[in-house]
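For reference, the structure discussed in these notes is given below.
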Amino acid sequence: VFTTRPDTLYGATFMVVAPDSDLAAELAAGASAEARMQFQAYLQQTQRQTEIERQNTEREKTGVFLDHFAVNPVNGERIPVWASDYVLADYGHGAIMAVPAHDQRDLDFARKFELPVRAVVEVRDGDGAPLPDPAESGVATTGDGVLVNSGPLDGLSKAEAIARAIEVLEERGTGRGATTY
């Protein structure tokens, strides 16, 4: 999975793949018969939409569970893999880690499908007070702050946490840092 925010990996509670990606097709092929049928219907629905329609943040999130789980590379948690049209096949590898506490699209999806939400960045308002928990408020906290609920990253700033998260991934052999332009 491609991410620009490895510091938030501890907050990834599910994974989403673009329904029109090769990975979604591969996962669906190995799913139960019911999941395959749901996926095929969803793929056809997705193919009738434009990219602009798919990226509209105002529309209700849709998706299908692909009957598979991924392993979060920093904490070993099994997280469900979904296909949803808000992810595009040509973004990264057509697969995202979903960190619902800190991305509104992921939060909307998590709330609709009753998936866990774990805040890992403590964002504060202009007066220094912590912003409300996104799981309760329904509003993702997207600003910078100090890492929490993140094991060895707790207490680090965004820049420090990104560097340390890459080190953790590389030490475990579960990921690597890369610079792309």
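FYI, nothing fancy with the structure tokens labels: chains A, B, ... in order, residues from 1 per chain, ligands from 1 as they appear.
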
Please identify all polymer residues within 10 Å of Glu167 (chain A), counting only C-alpha atoms, omitting same-chain residues fewer than 6 positions from it, and present them as a ChimeraX atom specification. /A:161,173,175-177

Give me, as a ChimeraX atom specification, all polymer residues having an atom no more than 9 Å from Ala24 (chain A), counting only C-alpha atoms and skipping those fewer than 3 positions away in the same chain. /A:17-21,27-29,39,66,82-83,94-95

Based on the selection just made, write N, CA and C atoms of those residues as a PDB file, in the first residue's frame.
```pdb
ATOM      1  N   VAL A  17      -9.315  -0.900  -1.624  1.00  0.00           N
ATOM      2  CA  VAL A  17      -8.752  -0.996  -2.964  1.00  0.00           C
ATOM      3  C   VAL A  17      -9.766  -0.463  -3.966  1.00  0.00           C
ATOM      4  N   ALA A  18      -9.259   0.088  -5.036  1.00  0.00           N
ATOM      5  CA  ALA A  18     -10.125   0.557  -6.118  1.00  0.00           C
ATOM      6  C   ALA A  18     -10.791  -0.658  -6.755  1.00  0.00           C
ATOM      7  N   PRO A  19     -12.099  -0.613  -6.951  1.00  0.00           N
ATOM      8  CA  PRO A  19     -12.794  -1.779  -7.517  1.00  0.00           C
ATOM      9  C   PRO A  19     -12.307  -2.140  -8.915  1.00  0.00           C
ATOM     10  N   ASP A  20     -11.798  -1.159  -9.648  1.00  0.00           N
ATOM     11  CA  ASP A  20     -11.335  -1.405 -11.009  1.00  0.00           C
ATOM     12  C   ASP A  20      -9.830  -1.666 -11.077  1.00  0.00           C
ATOM     13  N   SER A  21      -9.224  -2.001  -9.942  1.00  0.00           N
ATOM     14  CA  SER A  21      -7.793  -2.308  -9.916  1.00  0.00           C
ATOM     15  C   SER A  21      -7.563  -3.807 -10.098  1.00  0.00           C
ATOM     16  N   LEU A  27      -8.255 -10.277  -5.519  1.00  0.00           N
ATOM     17  CA  LEU A  27      -8.840 -10.596  -4.214  1.00  0.00           C
ATOM     18  C   LEU A  27     -10.249 -11.160  -4.360  1.00  0.00           C
ATOM     19  N   ALA A  28     -11.025 -10.571  -5.236  1.00  0.00           N
ATOM     20  CA  ALA A  28     -12.395 -11.047  -5.447  1.00  0.00           C
ATOM     21  C   ALA A  28     -12.393 -12.474  -5.981  1.00  0.00           C
ATOM     22  N   ALA A  29     -11.435 -12.789  -6.836  1.00  0.00           N
ATOM     23  CA  ALA A  29     -11.362 -14.136  -7.406  1.00  0.00           C
ATOM     24  C   ALA A  29     -11.149 -15.185  -6.320  1.00  0.00           C
ATOM     25  N   PHE A  39     -19.060  -8.202  -5.500  1.00  0.00           N
ATOM     26  CA  PHE A  39     -17.990  -7.425  -6.106  1.00  0.00           C
ATOM     27  C   PHE A  39     -18.271  -7.144  -7.577  1.00  0.00           C
ATOM     28  N   LEU A  66     -14.238  -7.601   0.672  1.00  0.00           N
ATOM     29  CA  LEU A  66     -13.681  -8.570  -0.273  1.00  0.00           C
ATOM     30  C   LEU A  66     -13.367  -9.931   0.345  1.00  0.00           C
ATOM     31  N   TRP A  82     -11.580  -3.882   1.822  1.00  0.00           N
ATOM     32  CA  TRP A  82     -12.804  -3.486   1.132  1.00  0.00           C
ATOM     33  C   TRP A  82     -12.470  -2.948  -0.254  1.00  0.00           C
ATOM     34  N   ALA A  83     -13.435  -2.987  -1.145  1.00  0.00           N
ATOM     35  CA  ALA A  83     -13.347  -2.275  -2.425  1.00  0.00           C
ATOM     36  C   ALA A  83     -14.313  -1.105  -2.317  1.00  0.00           C
ATOM     37  N   GLY A  94      -3.503   1.777  -6.305  1.00  0.00           N
ATOM     38  CA  GLY A  94      -4.932   1.484  -6.275  1.00  0.00           C
ATOM     39  C   GLY A  94      -5.375   0.898  -4.959  1.00  0.00           C
ATOM     40  N   ALA A  95      -4.552   1.059  -3.931  1.00  0.00           N
ATOM     41  CA  ALA A  95      -4.859   0.528  -2.605  1.00  0.00           C
ATOM     42  C   ALA A  95      -4.405   1.537  -1.561  1.00  0.00           C
TER      43      ALA A  95
END
```

Residues within 10 Å of region 85-89 of chain A, please, as an NGL selection string. Count only C-alpha atoms; anything in the same chain fewer than 4 positions from it doesn't count. :A and (16-24 or 42-43 or 45-47 or 49 or 51-57 or 59 or 61-64 or 93-96 or 105-106 or 109)

For Ser150 (chain A), find every residue with an atom within 10 Å (counting only C-alpha atoms), except residues of its own chain fewer than 6 positions away, and show them as a list in words. Asp7, Thr8, Leu9, Tyr10, Gly11, Val74, Asn75, Arg118, Ala119, Val120, Val121, Leu156, Ala161 and Ala165 of chain A

Can you tell me, as a PyMOL selection string, which residues in region 37-152 of chain A count as strand (DSSP E or B) by DSSP? chain A and resi 64-71+78-83+95-98+121-122+124+130+146-147

Could you write those residues out with C-alpha atoms, as a PDB file, in the first residue's frame?
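Wrote it out as out.pdb, contents follow:
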```pdb
ATOM      1  CA  VAL A  64     -18.047  -4.197  -0.610  1.00  0.00           C
ATOM      2  CA  PHE A  65     -16.024  -6.370   1.756  1.00  0.00           C
ATOM      3  CA  LEU A  66     -13.681  -8.570  -0.273  1.00  0.00           C
ATOM      4  CA  ASP A  67     -13.689 -11.467   2.179  1.00  0.00           C
ATOM      5  CA  HIS A  68      -9.985 -10.927   2.917  1.00  0.00           C
ATOM      6  CA  PHE A  69      -7.842  -9.386   5.618  1.00  0.00           C
ATOM      7  CA  ALA A  70      -4.486  -7.631   5.451  1.00  0.00           C
ATOM      8  CA  VAL A  71      -1.932  -7.377   8.237  1.00  0.00           C
ATOM      9  CA  ARG A  78      -5.676  -8.125  10.919  1.00  0.00           C
ATOM     10  CA  ILE A  79      -7.632  -5.452   9.089  1.00  0.00           C
ATOM     11  CA  PRO A  80     -10.495  -6.034   6.633  1.00  0.00           C
ATOM     12  CA  VAL A  81      -9.993  -5.314   2.939  1.00  0.00           C
ATOM     13  CA  TRP A  82     -12.804  -3.486   1.132  1.00  0.00           C
ATOM     14  CA  ALA A  83     -13.347  -2.275  -2.425  1.00  0.00           C
ATOM     15  CA  ALA A  95      -4.859   0.528  -2.605  1.00  0.00           C
ATOM     16  CA  ILE A  96      -4.873   2.668   0.513  1.00  0.00           C
ATOM     17  CA  MET A  97      -4.534   2.101   4.201  1.00  0.00           C
ATOM     18  CA  ALA A  98      -7.574   3.696   5.761  1.00  0.00           C
ATOM     19  CA  VAL A 121      -2.467  12.195  16.090  1.00  0.00           C
ATOM     20  CA  GLU A 122      -3.518  14.491  18.902  1.00  0.00           C
ATOM     21  CA  ARG A 124      -5.138  20.797  19.112  1.00  0.00           C
ATOM     22  CA  PRO A 130      -7.352  18.754  21.969  1.00  0.00           C
ATOM     23  CA  VAL A 146       1.818  14.746  18.543  1.00  0.00           C
ATOM     24  CA  LEU A 147       1.486  10.999  17.949  1.00  0.00           C
TER      25      LEU A 147
END
```

Can you pull out the residues contacting Ala101 (chain A)? Cut-off 7 Å, using only C-alpha atoms, and skip same-chain residues under 5 positions away; I want them as a PyMOL selection string. chain A and resi 107+117-119+134-135+140-141

With only C-alpha atoms as the basis for distance, which of A:Gly128, A:Pro100, A:Pro116, A:Pro6 is at the shortest distance from Thr142 (chain A)? A:Pro100

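Proximity to Ala110 (chain A) was assessed for A:Arg36, A:Thr13, A:Gly143, A:Phe2 counting only C-alpha atoms; the smallest distance is recorded for A:Thr13.
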
I'd like to know which residues of region 26-156 of chain A are helix (DSSP H, G or I) (by DSSP, run on the backbone); could you write them as a PyMOL selection string? chain A and resi 26-29+33-47+51-55+100-102+104-112+134-137+151-153

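The two atoms in question, CA of Ile162 (chain A) and CA of Arg5 (chain A), are spaced 6.8 Å apart.
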
For Arg111 (chain A), the nearest of the candidates A:Thr180, A:Ser137, A:Gln40, A:Ser157, counting only C-alpha atoms: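 Under the stated criterion, the closest residue is A:Ser137.
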